[in-house]
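Here the structure is laid out as structure tokens; the discussion comes afterwards.
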Amino acid sequence: MRVCATAGVVAWHRTLRKALHSFSTSPSCAFLGPNLPDVWVPRENTSPHTHFPESFQWANGHNAAILEGRPIAKDIKFKVANEISRMKSAIGKFPRLAVVLVGDRRDSHTFINIKLKACDQVGIETVVAQLPEKCTENELLDVVSSLNDDPDVHGILVQLPLPQHLDEEKIFNVVSPEKDVDGFHPLNVGNLAIRGRKPFFIPCASKGCIELLLRHGMEIKGKRAVIIGRSKIVGLPTSLLLQRHHATVSMLHAYTENPEEITSEADIVVADVGIPNIVRGNWLKQGAVVIDMGTNQVKDPSGQGYCVRGDVCYEEAVKVASAITPVPGGVGPVTISMLLSNTLDSAKRAFGMV
């Protein structure tokens, strides 16, 4: 991939770093509270209970409706592919997504391959810019800046997590908001937070969460929603999006006292902590709708390798909730389809088709 860095771009990066450093050391930051690590502590027993108390369960052996994501993702991909086909026929152009990968993490390669395959299926061209694990921050910023300036690139995705010596926030700040198909740029997040404003993009996982609820006919307006986990990738934007839909939202984090009690009052529970089975059946009120956005690799009980589990103890929750997403097969496929949709929307803006 061609990467060009001009003296002006490098100077701008230095100015940005100075500004960020000045802000971080300002006395006014005391009003923003301490920047503490949001680390959840796993419970001692994360395996499903064999004898789950009947007082929490539906009578007559009722189980929750399963909110499958794959059919929704398939429908979205079909519509995206059709739009791209019409775009090519009408103007001879198509969307292009640039993926920036730093290092050789196996899980990052796996996620990128899934995204690249999905792009190929709908007609989105992709380009991968791979940098070594020990690349400097300036080298990464220069690559992102070159993609910002490339008119043939309509979406930029920086695969997370980045190596520890690289500042994710600085990278998010440099990605053009109009190409930020992940929706993580401060401008996009800020516009999502303010009613009446429209971000260029909504983060894919949060968009997928709302799409699942709406497609399955779940009422959001006026409902109590609890978000377990406040990551900037999932928890925060999902809380903002639920508020846009007029839910009353509480966000739980590692310092929340009595999370079980707060969660047990929720009509909608969204979990994204990164700890398998941390949300038990007795956390939920009967009839709650559960969106499990956790993806955790755990040892398969059969002893044959690993399997994927969510943050919610499915075997217990399915006996209490009115509806629940499976893991895998719930939010994940819809999240990928939202990346395709965002990239298409970006290309349509670039081509003057919206």
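Here, A, B, ... name the chains of the structure tokens in the order displayed, residue numbers run from 1 inside each chain, and ligands are numbered from 1 in the same displayed order.
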
List the spatial neighbours of A:Thr263 as a PyMOL selection string - criterion: any atom at most 9 Å away, only C-alpha atoms, same-chain residues fewer than 4 positions off excluded. chain A and resi 225-228+250+252+258-259+267-269+283-285

Output file for the selection above: C-alpha atoms, as a PDB file, in the first residue's frame:
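Produced file selection02.pdb, reproduced below:
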ATOM      1  CA  ALA A 225     -32.663  -0.442  30.247  1.00  0.00           C
ATOM      2  CA  VAL A 226     -29.493  -1.489  32.050  1.00  0.00           C
ATOM      3  CA  ILE A 227     -26.160  -1.566  30.238  1.00  0.00           C
ATOM      4  CA  ILE A 228     -23.610  -3.762  32.020  1.00  0.00           C
ATOM      5  CA  SER A 250     -28.670   2.959  33.737  1.00  0.00           C
ATOM      6  CA  LEU A 252     -23.238  -0.345  35.366  1.00  0.00           C
ATOM      7  CA  ASN A 258     -25.188  -4.154  44.043  1.00  0.00           C
ATOM      8  CA  PRO A 259     -25.305  -4.606  40.244  1.00  0.00           C
ATOM      9  CA  ASP A 267     -36.931  -4.419  31.168  1.00  0.00           C
ATOM     10  CA  ILE A 268     -33.955  -4.537  28.773  1.00  0.00           C
ATOM     11  CA  VAL A 269     -30.529  -5.847  29.809  1.00  0.00           C
ATOM     12  CA  TRP A 283     -30.002 -10.912  38.172  1.00  0.00           C
ATOM     13  CA  LEU A 284     -32.989 -10.730  35.831  1.00  0.00           C
ATOM     14  CA  LYS A 285     -36.606  -9.900  36.409  1.00  0.00           C
TER      15      LYS A 285
END

Distance of atom CA of A:Asn282 from atom CA of A:Val298, expressed in Å to one decimal place: 22.2 Å

Extract, using only C-alpha atoms, all DNA, RNA and protein residues at most 10 Å from A:Asp180, discarding same-chain residues fewer than 3 positions from it, and format them as a PyMOL selection string. chain A and resi 148+154-158+172-177+183-185+187-188+200-203+342-343+346

Could you pull out all residues of stretch 230-326 of chain A with a DSSP call of helix (DSSP H, G or I) and give them as a list in words?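 DSSP-assigned helix (DSSP H, G or I) residues in stretch 230-326 of chain A: Gly235, Leu236, Pro237, Thr238, Ser239, Leu240, Leu241, Leu242, Gln243, Arg244, Pro259, Glu260, Glu261, Ile262, Thr263, Gly281, Asn282, Trp283, Tyr314, Glu315, Glu316 and Ala317 of chain A.
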
All strand (DSSP E) positions in stretch 228-344 of chain A, as number ranges by chain: A: 228, 248-252, 268-271, 289-292, 296-299, 306-309, 323-324
